[in-house]
Amino acid sequence: MGCGGSTSTKTDDGHEKPGGRDSHEKPKGKGVDSKPKEKEEDYLREPENDSVDLEDIVVGYPPPKPSSNRKEHIFTEQDKNTADERANQIKVEDYQTLDDIARALTEGLTNDVQKVRAIFTWIGLQGSKGNKSSKNDNKSQDVTSPKTIIQQVIQRKLSFNFLFISLCRAAKIPSVLIRGLGKSVSYEVGDKNVDNLNNSWTAVFVAGGWHFVFPLWAFSAVVGHSKGTWTLVETQGKGARDKEEKSSGQTISHINDYFFFTEAEEFIYICFPLDSKWQLLTKPFTKQDFIDIAYCTQNYFENHHKITTPTKCIYASVGGVCDIGIKNLDKEECSYVYKLYFNHEESKTTLSSEIQLERYVAVFNEGPSMRFRVRFPSEGIYKMEIYGDYSLLCEFKLECNEDVNDVKPFPCNPESGFGPNSLTEEAGLQAQSHKTGFINIKQTKNFSMKFNITKNVLVQTILLHNNMEQQTLKKHVNHKIKGQELDINVNLPQKGEYALQINTKDKDSGGSFKNACNYLLTSENMNKKRRPYENAIEKRTRKALQDTTSSNDISALQKALDEFDKIDLEDKGDRQKAEERLTYLSLRKELKDAIARRHGEKLEEAIENAKSSEYVSDLKKLIEEADDLLSQLRRLKRFAHEVLKMQQPTISEIHNYKHPKPMAYDVMKATYILLGEEERRVEEWEQIQALMRKTGKEGLLRRVRLFDTVHLTENMINHSSQILRPYDEERIRASSAGLGTFYKWATDVIEEIRKSENSSRDREVQENVTKRKI
């Protein structure tokens, strides 16, 4: 989602890269700034001793006051094209005086806006040519000629202001010089002393009002300026330690239209006139207002962003935390990124090399707004830069003067932030119950949330914590889909901070799960300080948990954990161990229960949970047993498939045999013995016919479909095998396709049981060998 643009260069891979304060590469000294360096680098500040007193306002000029006409209302695209075309036609060497050039630039243009624009563009074009002459050449030239004046402006002997105002006045356009303070490239966000930022710019009277033009900043930019005082420590949840290199940078020429008719309410953020009436504001700023106001770039204003927290440049931490909010006024949602820096020179403490800053900034989606919550792992001076579409929008100085030793990072820092956004809806979910990314759980650790499902998707829910394994937390979150509604239930294992990730994937096309939405969950004040000792009850509770952790009693362990959480004891590793033990015991019980129930879906779930856990090696024997059983159940289901495909007339045909051949009697007798019938109940053909007539639960096909081997005895297997031994499948099928199907089912079952018995014996032998080695 686009959020802005600026003067830019291109990287080697062809992507646009904004410059100077807008640059993502600033720590490495790359980028372009739309403002010049100050006197401290002895370059690109307007000369103060121009040969003409530009502050001499001609009698009859309108008084300075706020203009009712905005730039967009008085300066059209046609004005721009007409004026710029004229400026491109005028060559400095063709004219003898500035008056001649002014006349050539403005003659025939229809309004003063076009005239000022033609003058502005023409000066910018001269600067971009970089046509400098040597000192000796200047001595031989007429110092009043336009060519010489242009060279002196480019060489910084005369100001852009002088040239601009001289041409405007020659064209009979009211224009004045304004002196003041400008937050140029040497300004650092949060600077309280700005007296060294002296600069000057101009204002012209057109279309019934005064409008700012800053020729120097419009025609000059700086690449790679850096004071070398900042270290990049985190960006988009990833830790870094990129220290800036000090660099005076390099100046380039360009034309930046933002500083042509800049709006007064935006201009005051970066330029403060010494004479307050030339602020052109209804409510003027004080100098302190100018110092305190947030530092915002032209991209911030041009793309209509708004800071939703206090519009100031310095934020002080409270409880080790700062919140900064921003939104785009033109869009429901905008893509923002951040960078967090540490001032390694101004901070009283150093940032420990052991602290890797990642996940110390959380991004919250709040409808059209986005909020950045910064946590500080160490006291000191920080800086936050906020970008929109790779262009710097604003930056803030963050001061943390607190003891923040216990401040922890966030459980995760998802790229899409916390809270529903456009990606959530694209993923097929619409939040119904929780529409912001932060959930404070005060009364209970259990809560639920609802979404509408708008696409045919599968859902995955994951709970995360800084000190608990994901597998340990797996049982504390579950979800159910009922029609078009998704219900998610969370049962936090203890007080603390968690992240809930909700992922989806297309049910039809498959693929991998992609993050759809995230929530930050907390059931306590994350920065709460605990007393350094435990009372008698707390000590007993901790000891009880430690003792129960070594047992195999799931209910006792769960009870001890509940008591531990009930009095909100700090986890010093005891709770984590108990939770891990409970997870292992629960996985083991789940496997044993699934094996005992011999239920395919339950087996699949238990095996998947065990294999994806950290206890896979400890549960290896049970996992293998469950895998073998699941494979057997699948084979039995496959065996039954052909029987279940038979039509009722086929079964009726077998049932209607009055004097069946011995093979028909033997096949059906063996079949019923495997299905659990006692041999005395299948001695006569009439008995078998009676069984085949039964329906419902006792029906033949239903019994085959629900068949399991658990009731089979060795005698039943041996007897059935002996009955069928004289026959083969080809012979049986030649007599009757239906009989052939039952014969195949019975022989497959017998073979399956014998393979299973052999596999079990082999496993027991291997276990005994392993035990002897140990």
# chains A, B, ... in the order shown; residues from 1 in each chain; ligands from 1

$ residues_around --residues "segment 737-754 of chain A" --least-positions-apart "4" --cutoff "8 Å" --atoms "only C-alpha atoms" --output "ChimeraX atom specification"
/A:632,636,639-640,642-643,646,650-651,654,664,667-668,670-671,674,709,717,721,724,729-730,732-733,758

$ write_last_selection --atoms "N, CA, C and O atoms" --output "short mmCIF file (atom, residue, chain, number, x, y, z; two decimals), in the first residue's frame"
data_model
loop_
_atom_site.label_atom_id
_atom_site.label_comp_id
_atom_site.auth_asym_id
_atom_site.auth_seq_id
_atom_site.Cartn_x
_atom_site.Cartn_y
_atom_site.Cartn_z
N GLN A 632 -2.95 -50.89 10.37
CA GLN A 632 -3.79 -52.10 10.31
C GLN A 632 -5.26 -51.73 10.11
O GLN A 632 -5.96 -52.34 9.29
N LEU A 636 -7.65 -52.93 7.11
CA LEU A 636 -8.92 -53.63 7.33
C LEU A 636 -10.05 -52.88 6.61
O LEU A 636 -10.96 -53.52 6.06
N PHE A 639 -9.73 -53.80 3.08
CA PHE A 639 -10.21 -55.17 2.84
C PHE A 639 -11.74 -55.19 2.72
O PHE A 639 -12.31 -55.91 1.89
N ALA A 640 -12.39 -54.41 3.57
CA ALA A 640 -13.85 -54.43 3.61
C ALA A 640 -14.48 -53.71 2.42
O ALA A 640 -15.67 -53.88 2.15
N GLU A 642 -14.34 -54.04 -0.86
CA GLU A 642 -14.97 -54.85 -1.91
C GLU A 642 -16.26 -55.50 -1.42
O GLU A 642 -17.23 -55.61 -2.16
N VAL A 643 -16.27 -55.92 -0.14
CA VAL A 643 -17.49 -56.53 0.41
C VAL A 643 -18.61 -55.50 0.43
O VAL A 643 -19.75 -55.77 0.04
N MET A 646 -20.65 -54.77 -2.69
CA MET A 646 -21.58 -55.78 -3.21
C MET A 646 -23.03 -55.30 -3.12
O MET A 646 -23.42 -54.64 -2.16
N THR A 650 -26.60 -59.90 -4.88
CA THR A 650 -25.48 -60.84 -4.81
C THR A 650 -25.52 -61.60 -3.50
O THR A 650 -25.31 -62.84 -3.46
N ILE A 651 -25.77 -60.88 -2.40
CA ILE A 651 -25.84 -61.53 -1.09
C ILE A 651 -27.07 -62.45 -1.05
O ILE A 651 -27.02 -63.56 -0.50
N ILE A 654 -26.44 -65.83 -2.61
CA ILE A 654 -25.74 -66.78 -1.73
C ILE A 654 -26.71 -67.31 -0.68
O ILE A 654 -26.76 -68.53 -0.40
N ALA A 664 -19.08 -73.05 -0.74
CA ALA A 664 -19.92 -71.93 -0.33
C ALA A 664 -20.15 -71.98 1.17
O ALA A 664 -20.06 -70.95 1.87
N VAL A 667 -16.74 -71.04 3.01
CA VAL A 667 -16.39 -69.61 2.94
C VAL A 667 -17.24 -68.80 3.92
O VAL A 667 -16.73 -67.96 4.68
N MET A 668 -18.54 -69.05 3.93
CA MET A 668 -19.41 -68.26 4.79
C MET A 668 -19.22 -68.65 6.25
O MET A 668 -19.33 -67.81 7.15
N ALA A 670 -16.34 -69.66 7.64
CA ALA A 670 -15.09 -69.00 8.05
C ALA A 670 -15.31 -67.49 8.25
O ALA A 670 -14.77 -66.89 9.20
N THR A 671 -16.12 -66.92 7.37
CA THR A 671 -16.41 -65.48 7.48
C THR A 671 -17.09 -65.16 8.81
O THR A 671 -16.70 -64.23 9.53
N LEU A 674 -14.80 -65.43 11.87
CA LEU A 674 -13.95 -64.24 12.02
C LEU A 674 -14.76 -63.06 12.55
O LEU A 674 -14.22 -62.20 13.27
N THR A 709 -10.11 -56.43 14.75
CA THR A 709 -9.41 -57.68 15.08
C THR A 709 -9.27 -57.89 16.58
O THR A 709 -8.73 -58.91 17.00
N ILE A 717 -8.58 -67.76 14.45
CA ILE A 717 -7.75 -67.58 13.26
C ILE A 717 -7.36 -68.93 12.68
O ILE A 717 -7.47 -69.16 11.45
N SER A 721 -8.59 -70.46 9.08
CA SER A 721 -7.54 -70.74 8.11
C SER A 721 -7.61 -72.18 7.63
O SER A 721 -7.45 -72.48 6.44
N LEU A 724 -10.47 -72.75 5.11
CA LEU A 724 -10.27 -72.18 3.77
C LEU A 724 -9.06 -72.74 3.05
O LEU A 724 -8.85 -72.44 1.86
N GLU A 729 -8.53 -68.38 -4.49
CA GLU A 729 -9.44 -67.32 -4.88
C GLU A 729 -9.98 -67.52 -6.28
O GLU A 729 -11.17 -67.29 -6.54
N GLU A 730 -9.14 -68.00 -7.19
CA GLU A 730 -9.57 -68.16 -8.58
C GLU A 730 -10.69 -69.18 -8.69
O GLU A 730 -11.68 -68.95 -9.39
N ILE A 732 -12.77 -70.09 -6.29
CA ILE A 732 -13.98 -69.61 -5.63
C ILE A 732 -14.71 -68.61 -6.53
O ILE A 732 -15.94 -68.67 -6.69
N ARG A 733 -13.96 -67.65 -7.12
CA ARG A 733 -14.59 -66.62 -7.96
C ARG A 733 -15.23 -67.24 -9.21
O ARG A 733 -16.20 -66.70 -9.73
N ASN A 758 3.71 -61.40 14.12
CA ASN A 758 5.15 -61.49 13.85
C ASN A 758 5.86 -60.17 14.16
O ASN A 758 6.95 -60.15 14.71
#

$ select_by_dssp --residues "segment 133-208 of chain A" --states "alpha helix (DSSP H)" --output "PyMOL selection string"
chain A and resi 135-139+146-154+160-170

$ write_last_selection --atoms "N, CA, C and O atoms" --output "compact mmCIF listing (two decimals), in the first residue's frame"
# COMPACT_ATOMS: atom_id res chain seq x y z
N LYS A 135 37.89 31.24 -10.66
CA LYS A 135 37.98 32.62 -10.17
C LYS A 135 38.52 33.56 -11.24
O LYS A 135 38.09 34.69 -11.39
N ASN A 136 39.52 33.11 -12.01
CA ASN A 136 40.12 33.95 -13.06
C ASN A 136 39.10 34.28 -14.14
O ASN A 136 39.06 35.40 -14.65
N ASP A 137 38.24 33.31 -14.45
CA ASP A 137 37.21 33.56 -15.46
C ASP A 137 36.25 34.64 -14.99
O ASP A 137 35.84 35.50 -15.75
N ASN A 138 35.92 34.62 -13.71
CA ASN A 138 34.99 35.61 -13.17
C ASN A 138 35.54 37.02 -13.25
O ASN A 138 34.80 37.99 -13.43
N LYS A 139 36.85 37.17 -13.10
CA LYS A 139 37.45 38.51 -13.15
C LYS A 139 37.29 39.14 -14.52
O LYS A 139 37.19 40.35 -14.65
N PRO A 146 23.80 38.09 -16.15
CA PRO A 146 23.07 36.95 -15.60
C PRO A 146 23.94 35.69 -15.49
O PRO A 146 23.83 34.95 -14.51
N LYS A 147 24.82 35.46 -16.46
CA LYS A 147 25.66 34.27 -16.42
C LYS A 147 26.57 34.30 -15.21
O LYS A 147 26.74 33.29 -14.51
N THR A 148 27.17 35.48 -14.94
CA THR A 148 28.06 35.59 -13.79
C THR A 148 27.28 35.44 -12.49
O THR A 148 27.74 34.78 -11.55
N ILE A 149 26.11 36.05 -12.42
CA ILE A 149 25.29 35.93 -11.21
C ILE A 149 24.93 34.47 -10.95
O ILE A 149 25.00 33.99 -9.81
N ILE A 150 24.55 33.76 -12.01
CA ILE A 150 24.22 32.33 -11.86
C ILE A 150 25.42 31.56 -11.32
O ILE A 150 25.30 30.73 -10.40
N GLN A 151 26.61 31.85 -11.87
CA GLN A 151 27.81 31.16 -11.40
C GLN A 151 28.08 31.47 -9.92
O GLN A 151 28.48 30.60 -9.15
N GLN A 152 27.85 32.73 -9.51
CA GLN A 152 28.08 33.10 -8.12
C GLN A 152 27.07 32.42 -7.19
O GLN A 152 27.41 32.04 -6.07
N VAL A 153 25.84 32.25 -7.66
CA VAL A 153 24.84 31.54 -6.87
C VAL A 153 25.24 30.08 -6.70
O VAL A 153 25.19 29.50 -5.60
N ILE A 154 25.66 29.46 -7.81
CA ILE A 154 26.07 28.06 -7.75
C ILE A 154 27.29 27.89 -6.87
O ILE A 154 27.42 26.89 -6.14
N PHE A 160 20.42 31.75 -3.50
CA PHE A 160 19.27 31.46 -4.36
C PHE A 160 18.16 32.47 -4.08
O PHE A 160 17.41 32.85 -4.97
N ASN A 161 18.04 32.89 -2.81
CA ASN A 161 17.02 33.88 -2.45
C ASN A 161 17.19 35.16 -3.26
O ASN A 161 16.22 35.73 -3.77
N PHE A 162 18.45 35.64 -3.37
CA PHE A 162 18.73 36.87 -4.10
C PHE A 162 18.28 36.76 -5.56
O PHE A 162 17.59 37.62 -6.10
N LEU A 163 18.65 35.65 -6.19
CA LEU A 163 18.31 35.47 -7.59
C LEU A 163 16.80 35.34 -7.77
O LEU A 163 16.20 35.96 -8.67
N PHE A 164 16.15 34.57 -6.90
CA PHE A 164 14.70 34.36 -7.02
C PHE A 164 13.94 35.66 -6.81
O PHE A 164 13.05 36.03 -7.60
N ILE A 165 14.26 36.38 -5.74
CA ILE A 165 13.53 37.60 -5.45
C ILE A 165 13.81 38.67 -6.51
O ILE A 165 12.91 39.42 -6.93
N SER A 166 15.07 38.74 -6.97
CA SER A 166 15.40 39.73 -8.01
C SER A 166 14.57 39.51 -9.26
O SER A 166 14.03 40.45 -9.86
N LEU A 167 14.43 38.26 -9.69
CA LEU A 167 13.64 37.97 -10.89
C LEU A 167 12.15 38.21 -10.65
O LEU A 167 11.44 38.71 -11.54
N CYS A 168 11.66 37.87 -9.44
CA CYS A 168 10.24 38.09 -9.15
C CYS A 168 9.92 39.59 -9.15
O CYS A 168 8.91 40.03 -9.71
N ARG A 169 10.78 40.38 -8.53
CA ARG A 169 10.53 41.82 -8.48
C ARG A 169 10.65 42.45 -9.87
O ARG A 169 9.90 43.39 -10.20
N ALA A 170 11.58 41.92 -10.67
CA ALA A 170 11.68 42.43 -12.05
C ALA A 170 10.41 42.13 -12.82
O ALA A 170 10.04 42.87 -13.74

$ atom_distance --atom1 "atom CA of Asn656 of chain A" --atom2 "atom CA of Leu701 of chain A"
16.9 Å

$ residues_around --residues "Glu683 of chain A" --least-positions-apart "4" --cutoff "8 Å" --atoms "only C-alpha atoms" --output "PyMOL selection string"
chain A and resi 669+679+687

$ write_last_selection --atoms "N, CA, C and O atoms" --output "CSV table (one decimal), in the first residue's frame"
chain,number,residue,atom,x,y,z
A,669,LYS,N,-18.9,-69.9,6.5
A,669,LYS,CA,-18.7,-70.4,7.9
A,669,LYS,C,-17.4,-69.7,8.4
A,669,LYS,O,-17.4,-69.1,9.5
A,679,GLU,N,-18.7,-71.4,16.9
A,679,GLU,CA,-18.7,-72.4,15.9
A,679,GLU,C,-20.0,-73.3,15.9
A,679,GLU,O,-20.5,-73.7,14.9
A,687,GLN,N,-28.4,-72.4,9.7
A,687,GLN,CA,-28.0,-71.4,10.7
A,687,GLN,C,-27.3,-70.2,10.0
A,687,GLN,O,-27.5,-69.1,10.4

$ residues_around --residues "segment 248-251 of chain A" --least-positions-apart "5" --cutoff "7 Å" --atoms "only C-alpha atoms" --output "list in words"
Ser220, Ala221, Val222, Val223, Gly224, His225 and Ser226 of chain A

$ atom_distance --atom1 "atom CA of Gln558 of chain A" --atom2 "atom CA of Thr583 of chain A"
10.4 Å

$ atom_distance --atom1 "atom CA of Tyr498 of chain A" --atom2 "atom CA of Leu464 of chain A"
5.5 Å

$ residues_around --residues "Asn515 of chain A" --least-positions-apart "5" --cutoff "8 Å" --atoms "only C-alpha atoms" --output "JSON, numbers by chain"
{"A": [501, 502, 503, 504]}

$ residues_around --residues "Glu686 of chain A" --least-positions-apart "4" --cutoff "12 Å" --atoms "only C-alpha atoms" --output "VMD selection string"
chain A and resid 655 to 660 665 668 to 669 681 to 682 690 to 693

$ residues_around --residues "Phe219 of chain A" --least-positions-apart "6" --cutoff "9 Å" --atoms "only C-alpha atoms" --output "list in words"
Ser34, Ile123, Gly124, Leu125, Gly127, Ser128, Phe160, Ile252, Ser253, His254, Ile255 and Asn256 of chain A

$ select_by_dssp --residues "segment 183-336 of chain A" --states "strand (DSSP E)" --output "PyMOL selection string"
chain A and resi 198-206+209-213+220-223+230-235+238-243+250-253+260-262+271-273+295-296+305-307+314-316+321-328+336

$ closest_residue --among "A:Ala594, A:Leu557, A:Leu486, A:Leu500" --to "Thr522 of chain A" --atoms "only C-alpha atoms"
A:Leu500

$ closest_atom_pairs --of "segment 213-307 of chain A" --to "segment 191-201 of chain A" --cutoff "12 Å" --atoms "only C-alpha atoms" --output "tab-separated table"
residue	atom	partner	partner_atom	distance
A:Val213	CA	A:Trp201	CA	6.6
A:Phe214	CA	A:Trp201	CA	4.8
A:Pro215	CA	A:Trp201	CA	6.9
A:Leu216	CA	A:Trp201	CA	7.7
A:Trp217	CA	A:Trp201	CA	8.9
A:Ala218	CA	A:Trp201	CA	10.4
A:Phe259	CA	A:Trp201	CA	9.9
A:Phe260	CA	A:Trp201	CA	11.0
A:Phe261	CA	A:Trp201	CA	11.6
A:Thr262	CA	A:Trp201	CA	11.4
A:Phe267	CA	A:Trp201	CA	11.1
A:Ile270	CA	A:Leu197	CA	10.5
A:Cys271	CA	A:Asn199	CA	8.6
A:Phe272	CA	A:Asn199	CA	9.4
A:Pro273	CA	A:Ser200	CA	8.4
A:Leu274	CA	A:Asn198	CA	9.6
A:Asp275	CA	A:Ser200	CA	11.9
A:Trp278	CA	A:Trp201	CA	10.9
A:Gln279	CA	A:Trp201	CA	11.9
A:Lys287	CA	A:Val194	CA	9.4
A:Gln288	CA	A:Lys192	CA	8.7
A:Asp289	CA	A:Lys192	CA	10.9
A:Phe290	CA	A:Val194	CA	9.4
A:Ile291	CA	A:Lys192	CA	6.1
A:Asp292	CA	A:Lys192	CA	8.0
A:Ile293	CA	A:Asp191	CA	10.9
A:Ala294	CA	A:Asp191	CA	11.2
A:Tyr295	CA	A:Asp191	CA	10.5

$ write_last_selection --atoms "N, CA, C and O atoms" --output "short mmCIF file (atom, residue, chain, number, x, y, z; two decimals), in the first residue's frame"
data_model
loop_
_atom_site.label_atom_id
_atom_site.label_comp_id
_atom_site.auth_asym_id
_atom_site.auth_seq_id
_atom_site.Cartn_x
_atom_site.Cartn_y
_atom_site.Cartn_z
N VAL A 213 8.24 30.01 -0.73
CA VAL A 213 9.12 29.32 -1.68
C VAL A 213 10.50 29.28 -1.01
O VAL A 213 11.01 30.32 -0.60
N PHE A 214 11.06 28.09 -0.91
CA PHE A 214 12.38 27.93 -0.29
C PHE A 214 13.34 27.45 -1.39
O PHE A 214 13.53 26.26 -1.59
N PRO A 215 13.94 28.39 -2.13
CA PRO A 215 14.76 28.01 -3.29
C PRO A 215 15.92 27.07 -2.94
O PRO A 215 16.18 26.10 -3.66
N LEU A 216 16.63 27.36 -1.84
CA LEU A 216 17.80 26.54 -1.50
C LEU A 216 17.42 25.08 -1.29
O LEU A 216 18.04 24.18 -1.85
N TRP A 217 16.38 24.85 -0.48
CA TRP A 217 15.98 23.47 -0.21
C TRP A 217 15.29 22.83 -1.41
O TRP A 217 15.28 21.61 -1.55
N ALA A 218 14.73 23.67 -2.28
CA ALA A 218 14.09 23.14 -3.48
C ALA A 218 15.11 22.66 -4.50
O ALA A 218 14.86 21.73 -5.27
N PHE A 259 8.87 22.44 -1.98
CA PHE A 259 9.23 23.74 -1.42
C PHE A 259 8.83 24.90 -2.34
O PHE A 259 9.35 26.00 -2.22
N PHE A 260 7.93 24.62 -3.24
CA PHE A 260 7.28 25.65 -4.06
C PHE A 260 5.85 25.77 -3.58
O PHE A 260 5.04 24.85 -3.75
N PHE A 261 5.52 26.87 -2.93
CA PHE A 261 4.20 27.11 -2.35
C PHE A 261 3.89 26.10 -1.23
O PHE A 261 2.80 25.54 -1.17
N THR A 262 4.84 25.87 -0.36
CA THR A 262 4.60 24.96 0.77
C THR A 262 3.52 25.55 1.68
O THR A 262 3.54 26.75 1.99
N PHE A 267 4.81 24.04 6.79
CA PHE A 267 6.12 24.70 6.76
C PHE A 267 6.64 24.98 8.18
O PHE A 267 7.83 24.90 8.45
N ILE A 270 9.14 22.74 10.15
CA ILE A 270 10.58 22.68 9.86
C ILE A 270 11.22 24.05 9.74
O ILE A 270 12.46 24.15 9.79
N CYS A 271 10.43 25.13 9.57
CA CYS A 271 10.99 26.47 9.42
C CYS A 271 10.25 27.45 10.32
O CYS A 271 9.01 27.54 10.27
N PHE A 272 11.02 28.18 11.12
CA PHE A 272 10.43 29.10 12.10
C PHE A 272 10.92 30.52 11.82
O PHE A 272 12.09 30.86 12.04
N PRO A 273 10.05 31.41 11.29
CA PRO A 273 10.45 32.80 11.02
C PRO A 273 10.73 33.55 12.33
O PRO A 273 10.02 33.37 13.33
N LEU A 274 11.74 34.39 12.32
CA LEU A 274 12.03 35.20 13.49
C LEU A 274 10.93 36.22 13.74
O LEU A 274 10.67 36.61 14.87
N ASP A 275 10.30 36.66 12.65
CA ASP A 275 9.15 37.56 12.76
C ASP A 275 7.89 36.71 12.68
O ASP A 275 7.57 36.13 11.64
N TRP A 278 5.27 36.35 9.82
CA TRP A 278 5.58 35.64 8.58
C TRP A 278 5.45 34.11 8.72
O TRP A 278 5.83 33.37 7.83
N GLN A 279 4.85 33.68 9.83
CA GLN A 279 4.44 32.27 9.89
C GLN A 279 3.21 32.03 9.03
O GLN A 279 2.93 30.91 8.62
N LYS A 287 8.62 29.81 19.85
CA LYS A 287 9.86 29.10 19.56
C LYS A 287 9.87 27.75 20.25
O LYS A 287 10.36 26.75 19.68
N GLN A 288 9.31 27.68 21.46
CA GLN A 288 9.26 26.39 22.17
C GLN A 288 8.36 25.40 21.45
O GLN A 288 8.65 24.20 21.40
N ASP A 289 7.26 25.90 20.88
CA ASP A 289 6.40 25.02 20.07
C ASP A 289 7.20 24.42 18.91
O ASP A 289 7.07 23.22 18.60
N PHE A 290 8.00 25.25 18.27
CA PHE A 290 8.81 24.81 17.14
C PHE A 290 9.82 23.75 17.58
O PHE A 290 10.06 22.77 16.86
N ILE A 291 10.38 23.93 18.77
CA ILE A 291 11.34 22.95 19.30
C ILE A 291 10.65 21.64 19.65
O ILE A 291 11.17 20.55 19.39
N ASP A 292 9.44 21.73 20.21
CA ASP A 292 8.75 20.54 20.72
C ASP A 292 8.00 19.75 19.65
O ASP A 292 7.73 18.56 19.84
N ILE A 293 7.64 20.38 18.54
CA ILE A 293 6.77 19.73 17.56
C ILE A 293 7.46 18.51 16.95
O ILE A 293 8.68 18.47 16.81
N ALA A 294 6.68 17.51 16.58
CA ALA A 294 7.23 16.28 15.98
C ALA A 294 7.97 16.61 14.69
O ALA A 294 7.60 17.54 13.96
N TYR A 295 9.02 15.82 14.42
CA TYR A 295 9.73 16.01 13.15
C TYR A 295 9.04 15.18 12.07
O TYR A 295 9.02 13.94 12.13
#

$ closest_residue --among "A:Ile481, A:Asp100, A:Asp257, A:Thr202" --to "Arg117 of chain A" --atoms "only C-alpha atoms"
A:Asp257

$ closest_residue --among "A:Lys495, A:Lys327, A:Lys157, A:Arg598" --to "Asp708 of chain A" --atoms "only C-alpha atoms"
A:Arg598

$ decode --residues "segment 677-692 of chain A" --atoms "N, CA and C atoms" --output "PDB file, in the first residue's frame"
ATOM      1  N   GLU A 677     -18.818 -65.185  15.524  1.00  0.00           N
ATOM      2  CA  GLU A 677     -19.846 -66.181  15.821  1.00  0.00           C
ATOM      3  C   GLU A 677     -19.202 -67.449  16.403  1.00  0.00           C
ATOM      4  N   GLU A 678     -19.892 -68.046  17.385  1.00  0.00           N
ATOM      5  CA  GLU A 678     -19.404 -69.305  17.943  1.00  0.00           C
ATOM      6  C   GLU A 678     -19.602 -70.416  16.901  1.00  0.00           C
ATOM      7  N   GLU A 679     -18.691 -71.393  16.928  1.00  0.00           N
ATOM      8  CA  GLU A 679     -18.721 -72.439  15.899  1.00  0.00           C
ATOM      9  C   GLU A 679     -20.008 -73.254  15.942  1.00  0.00           C
ATOM     10  N   ARG A 680     -20.588 -73.428  17.137  1.00  0.00           N
ATOM     11  CA  ARG A 680     -21.826 -74.207  17.254  1.00  0.00           C
ATOM     12  C   ARG A 680     -23.012 -73.538  16.559  1.00  0.00           C
ATOM     13  N   ARG A 681     -22.871 -72.190  16.282  1.00  0.00           N
ATOM     14  CA  ARG A 681     -23.977 -71.467  15.655  1.00  0.00           C
ATOM     15  C   ARG A 681     -23.836 -71.403  14.143  1.00  0.00           C
ATOM     16  N   VAL A 682     -22.793 -72.058  13.606  1.00  0.00           N
ATOM     17  CA  VAL A 682     -22.622 -72.070  12.146  1.00  0.00           C
ATOM     18  C   VAL A 682     -22.325 -73.490  11.658  1.00  0.00           C
ATOM     19  N   GLU A 683     -22.877 -74.487  12.400  1.00  0.00           N
ATOM     20  CA  GLU A 683     -22.647 -75.876  12.023  1.00  0.00           C
ATOM     21  C   GLU A 683     -23.469 -76.265  10.793  1.00  0.00           C
ATOM     22  N   GLU A 684     -24.674 -75.706  10.660  1.00  0.00           N
ATOM     23  CA  GLU A 684     -25.583 -76.075   9.580  1.00  0.00           C
ATOM     24  C   GLU A 684     -25.785 -74.872   8.646  1.00  0.00           C
ATOM     25  N   TRP A 685     -26.073 -75.174   7.344  1.00  0.00           N
ATOM     26  CA  TRP A 685     -26.298 -74.108   6.366  1.00  0.00           C
ATOM     27  C   TRP A 685     -27.515 -73.273   6.734  1.00  0.00           C
ATOM     28  N   GLU A 686     -28.522 -73.926   7.335  1.00  0.00           N
ATOM     29  CA  GLU A 686     -29.705 -73.180   7.727  1.00  0.00           C
ATOM     30  C   GLU A 686     -29.360 -72.120   8.777  1.00  0.00           C
ATOM     31  N   GLN A 687     -28.389 -72.414   9.659  1.00  0.00           N
ATOM     32  CA  GLN A 687     -27.964 -71.438  10.665  1.00  0.00           C
ATOM     33  C   GLN A 687     -27.288 -70.215   9.997  1.00  0.00           C
ATOM     34  N   ILE A 688     -26.469 -70.523   8.968  1.00  0.00           N
ATOM     35  CA  ILE A 688     -25.797 -69.431   8.252  1.00  0.00           C
ATOM     36  C   ILE A 688     -26.824 -68.590   7.507  1.00  0.00           C
ATOM     37  N   GLN A 689     -27.845 -69.247   6.897  1.00  0.00           N
ATOM     38  CA  GLN A 689     -28.896 -68.501   6.213  1.00  0.00           C
ATOM     39  C   GLN A 689     -29.643 -67.585   7.184  1.00  0.00           C
ATOM     40  N   ALA A 690     -29.875 -68.080   8.389  1.00  0.00           N
ATOM     41  CA  ALA A 690     -30.583 -67.269   9.381  1.00  0.00           C
ATOM     42  C   ALA A 690     -29.754 -66.026   9.745  1.00  0.00           C
ATOM     43  N   LEU A 691     -28.465 -66.205   9.859  1.00  0.00           N
ATOM     44  CA  LEU A 691     -27.595 -65.053  10.174  1.00  0.00           C
ATOM     45  C   LEU A 691     -27.580 -64.041   9.039  1.00  0.00           C
ATOM     46  N   MET A 692     -27.617 -64.532   7.794  1.00  0.00           N
ATOM     47  CA  MET A 692     -27.584 -63.637   6.648  1.00  0.00           C
ATOM     48  C   MET A 692     -28.872 -62.847   6.485  1.00  0.00           C
TER      49      MET A 692
END
